[in-house]
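**Q** For reference, the structure I am asking about is given below.
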Amino acid sequence: MYDNETQEYEDKMIESYIDKPSETLWYQMSFKKFNINGVDRMQWNWSWWAFGGGFLYLLYRKQYLASFALFFGSFMLSIIPFMSIVIMILSGGYGSYFVYKGYRKKLFEIESVIDDEATRLETMREVGGTHEWVIWVYAIFMILIFMALGAIMMPLMMQV
């Protein structure tokens with residue numbers, strides 16, 4: 001079990017890694033589910049962002065390998081009926097676990113080379129965080145889809 005000082009340090013590192021104060025508490029509570037007495041375990045932890053965003057959620061959170069694997073798997077399995085919804089549900093339940101794994105990997109790397117806590121926190125903020133451009137790409141993509149659907153539906157609606 002962690003003592004208070006260790007827990008405070010861990011919470012500060014997660015806060016630096018997430019780099020979004022409004023989301024920090026959610027991730028701190030989630031990450032505690034994935035680590036029981038120092039042992040990592042995959043655990044169901046629902047995230048609407050991971051459910052709706054899928055591989056883009058992981059890309060936004062800088063989890064490149066997991067994002068690519070989910071993109072490729074989704075693409076390959078989408079030919080199976082209802083598989084897309086299954087993948088979305090699994091992404092929603094396990095997506096944040098891959099963010100946690102990325103955090104643990106970066107934490108280990110940083111702690112193995114940096115002794116100063118302030119420098120560790122700043123480094124964690126730099127290597128963690130998000131890719132804000134993913135939100136813009138997603139928004140533009142959705143606008144294009146709705147415009148294409150509108151262009152297809154408008155002539156059909158005019159015939160009625």
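Identifiers in the structure tokens: chain A, B, ... in order shown; residue index from 1 per chain; ligand index from 1 in order shown.
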Kindly assemble as CSV a list of the segment 102-138 of chain A residues that lie within 12 Å of segment 26-37 of chain A, each paired with its nearest atom pair and their distance in Å to one decimal, using only C-alpha atoms, sorted first by chain and then by ascending residue number.

**A**
residue,atom,partner,partner_atom,distance
A:Gly102,CA,A:Phe31,CA,11.2
A:Tyr103,CA,A:Phe31,CA,9.2
A:Arg104,CA,A:Phe31,CA,9.6

**Q** Report as a PDB file with N, CA and C atoms, in the first residue's frame all protein, DNA and RNA residues lying within 8 Å of segment 19-24 of chain A, evaluated on only C-alpha atoms, omitting residues in the same chain fewer than 6 positions from it.

**A**
ATOM      1  N   ARG A 125       4.983  16.128 -18.327  1.00  0.00           N
ATOM      2  CA  ARG A 125       4.037  17.020 -19.010  1.00  0.00           C
ATOM      3  C   ARG A 125       4.364  17.094 -20.505  1.00  0.00           C
ATOM      4  N   GLY A 128       3.696  13.472 -22.118  1.00  0.00           N
ATOM      5  CA  GLY A 128       2.290  13.068 -22.017  1.00  0.00           C
ATOM      6  C   GLY A 128       1.416  14.058 -22.734  1.00  0.00           C
ATOM      7  N   GLY A 129       0.274  14.347 -22.136  1.00  0.00           N
ATOM      8  CA  GLY A 129      -0.628  15.319 -22.721  1.00  0.00           C
ATOM      9  C   GLY A 129      -1.418  14.762 -23.882  1.00  0.00           C
ATOM     10  N   THR A 130      -1.745  15.653 -24.796  1.00  0.00           N
ATOM     11  CA  THR A 130      -2.637  15.275 -25.890  1.00  0.00           C
ATOM     12  C   THR A 130      -2.157  15.866 -27.204  1.00  0.00           C
TER      13      THR A 130
END

**Q** For His131 of chain A, list every protein, DNA or RNA residue within 12 Å, evaluated using only C-alpha atoms, and leave out those in the same chain fewer than 3 positions away; present the list as a list in words.

**A**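 Residues meeting the cut-off are Ile18, Asp19, Lys20, Leu56, Tyr57, Leu58, Leu59, Tyr60, Arg61, Lys62, Gln63, Tyr64, Glu126, Val127, Gly128, Val134, Ile135, Trp136, Val137 and Tyr138 of chain A.
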
**Q** Go ahead and save the residues from that selection, with N, CA and C atoms, as a CSV table (one decimal), in the first residue's frame.

**A**
chain,number,residue,atom,x,y,z
A,18,ILE,N,-1.5,13.7,-17.8
A,18,ILE,CA,-2.8,14.0,-18.5
A,18,ILE,C,-2.8,15.4,-19.0
A,19,ASP,N,-2.3,16.3,-18.2
A,19,ASP,CA,-2.1,17.7,-18.6
A,19,ASP,C,-3.5,18.4,-18.9
A,20,LYS,N,-4.5,17.9,-18.3
A,20,LYS,CA,-5.8,18.6,-18.4
A,20,LYS,C,-6.5,18.5,-17.1
A,56,LEU,N,-9.0,7.2,-32.6
A,56,LEU,CA,-8.7,8.6,-32.4
A,56,LEU,C,-8.5,9.0,-31.0
A,57,TYR,N,-9.3,8.4,-30.1
A,57,TYR,CA,-9.1,8.7,-28.6
A,57,TYR,C,-7.6,8.3,-28.2
A,58,LEU,N,-7.2,7.1,-28.7
A,58,LEU,CA,-5.8,6.7,-28.4
A,58,LEU,C,-4.8,7.6,-29.0
A,59,LEU,N,-5.0,8.0,-30.2
A,59,LEU,CA,-4.1,8.9,-30.9
A,59,LEU,C,-4.1,10.3,-30.2
A,60,TYR,N,-5.2,10.8,-29.8
A,60,TYR,CA,-5.3,12.0,-29.0
A,60,TYR,C,-4.5,11.9,-27.8
A,61,ARG,N,-4.5,10.8,-27.1
A,61,ARG,CA,-3.7,10.6,-25.9
A,61,ARG,C,-2.3,10.0,-26.1
A,62,LYS,N,-1.8,10.1,-27.4
A,62,LYS,CA,-0.5,9.8,-27.8
A,62,LYS,C,-0.1,8.3,-27.5
A,63,GLN,N,-1.1,7.4,-27.7
A,63,GLN,CA,-0.9,6.0,-27.6
A,63,GLN,C,-0.8,5.4,-29.0
A,64,TYR,N,0.3,5.6,-29.7
A,64,TYR,CA,0.4,5.4,-31.2
A,64,TYR,C,0.2,3.9,-31.6
A,126,GLU,N,5.7,17.1,-20.8
A,126,GLU,CA,6.1,17.2,-22.2
A,126,GLU,C,5.8,15.9,-23.0
A,127,VAL,N,6.1,14.8,-22.4
A,127,VAL,CA,5.9,13.5,-23.1
A,127,VAL,C,4.5,13.0,-23.1
A,128,GLY,N,3.7,13.5,-22.1
A,128,GLY,CA,2.3,13.1,-22.0
A,128,GLY,C,1.4,14.1,-22.7
A,134,VAL,N,-6.0,16.3,-33.3
A,134,VAL,CA,-6.9,15.2,-33.5
A,134,VAL,C,-8.3,15.6,-33.4
A,135,ILE,N,-8.6,16.5,-32.5
A,135,ILE,CA,-10.0,17.0,-32.4
A,135,ILE,C,-10.4,17.7,-33.7
A,136,TRP,N,-9.5,18.5,-34.2
A,136,TRP,CA,-9.8,19.3,-35.4
A,136,TRP,C,-10.0,18.3,-36.6
A,137,VAL,N,-9.2,17.3,-36.7
A,137,VAL,CA,-9.3,16.4,-37.8
A,137,VAL,C,-10.6,15.6,-37.7
A,138,TYR,N,-11.0,15.2,-36.5
A,138,TYR,CA,-12.2,14.5,-36.3
A,138,TYR,C,-13.4,15.4,-36.7

**Q** Using DSSP on the backbone, list every residue of chain A that comes out as strand (DSSP E or B), and give them as a list of chain:residue names.

**A**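 Secondary structure check on chain A, strand (DSSP E or B): A:Asn35, A:Ile36, A:Val39, A:Asp40.
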
**Q** Restricted to N, CA and C atoms, what would the selected residues look like written as a PDB file, in the first residue's frame?

**A**
ATOM      1  N   ASN A  35      -3.817  -0.794 -11.138  1.00  0.00           N
ATOM      2  CA  ASN A  35      -2.638  -1.158 -10.371  1.00  0.00           C
ATOM      3  C   ASN A  35      -3.067  -1.527  -8.956  1.00  0.00           C
ATOM      4  N   ILE A  36      -2.966  -2.803  -8.650  1.00  0.00           N
ATOM      5  CA  ILE A  36      -3.327  -3.303  -7.327  1.00  0.00           C
ATOM      6  C   ILE A  36      -2.051  -3.715  -6.607  1.00  0.00           C
ATOM      7  N   VAL A  39       0.867  -4.300  -8.821  1.00  0.00           N
ATOM      8  CA  VAL A  39       0.695  -5.268  -9.902  1.00  0.00           C
ATOM      9  C   VAL A  39      -0.305  -4.709 -10.911  1.00  0.00           C
ATOM     10  N   ASP A  40       0.142  -4.591 -12.151  1.00  0.00           N
ATOM     11  CA  ASP A  40      -0.739  -4.097 -13.202  1.00  0.00           C
ATOM     12  C   ASP A  40      -1.706  -5.191 -13.636  1.00  0.00           C
TER      13      ASP A  40
END

**Q** Given only C-alpha atoms as the basis, pick out the residue of A:Gly54, A:Met83, A:Leu65, A:Glu5 nearest to Lys101 of chain A.

**A** A:Leu65
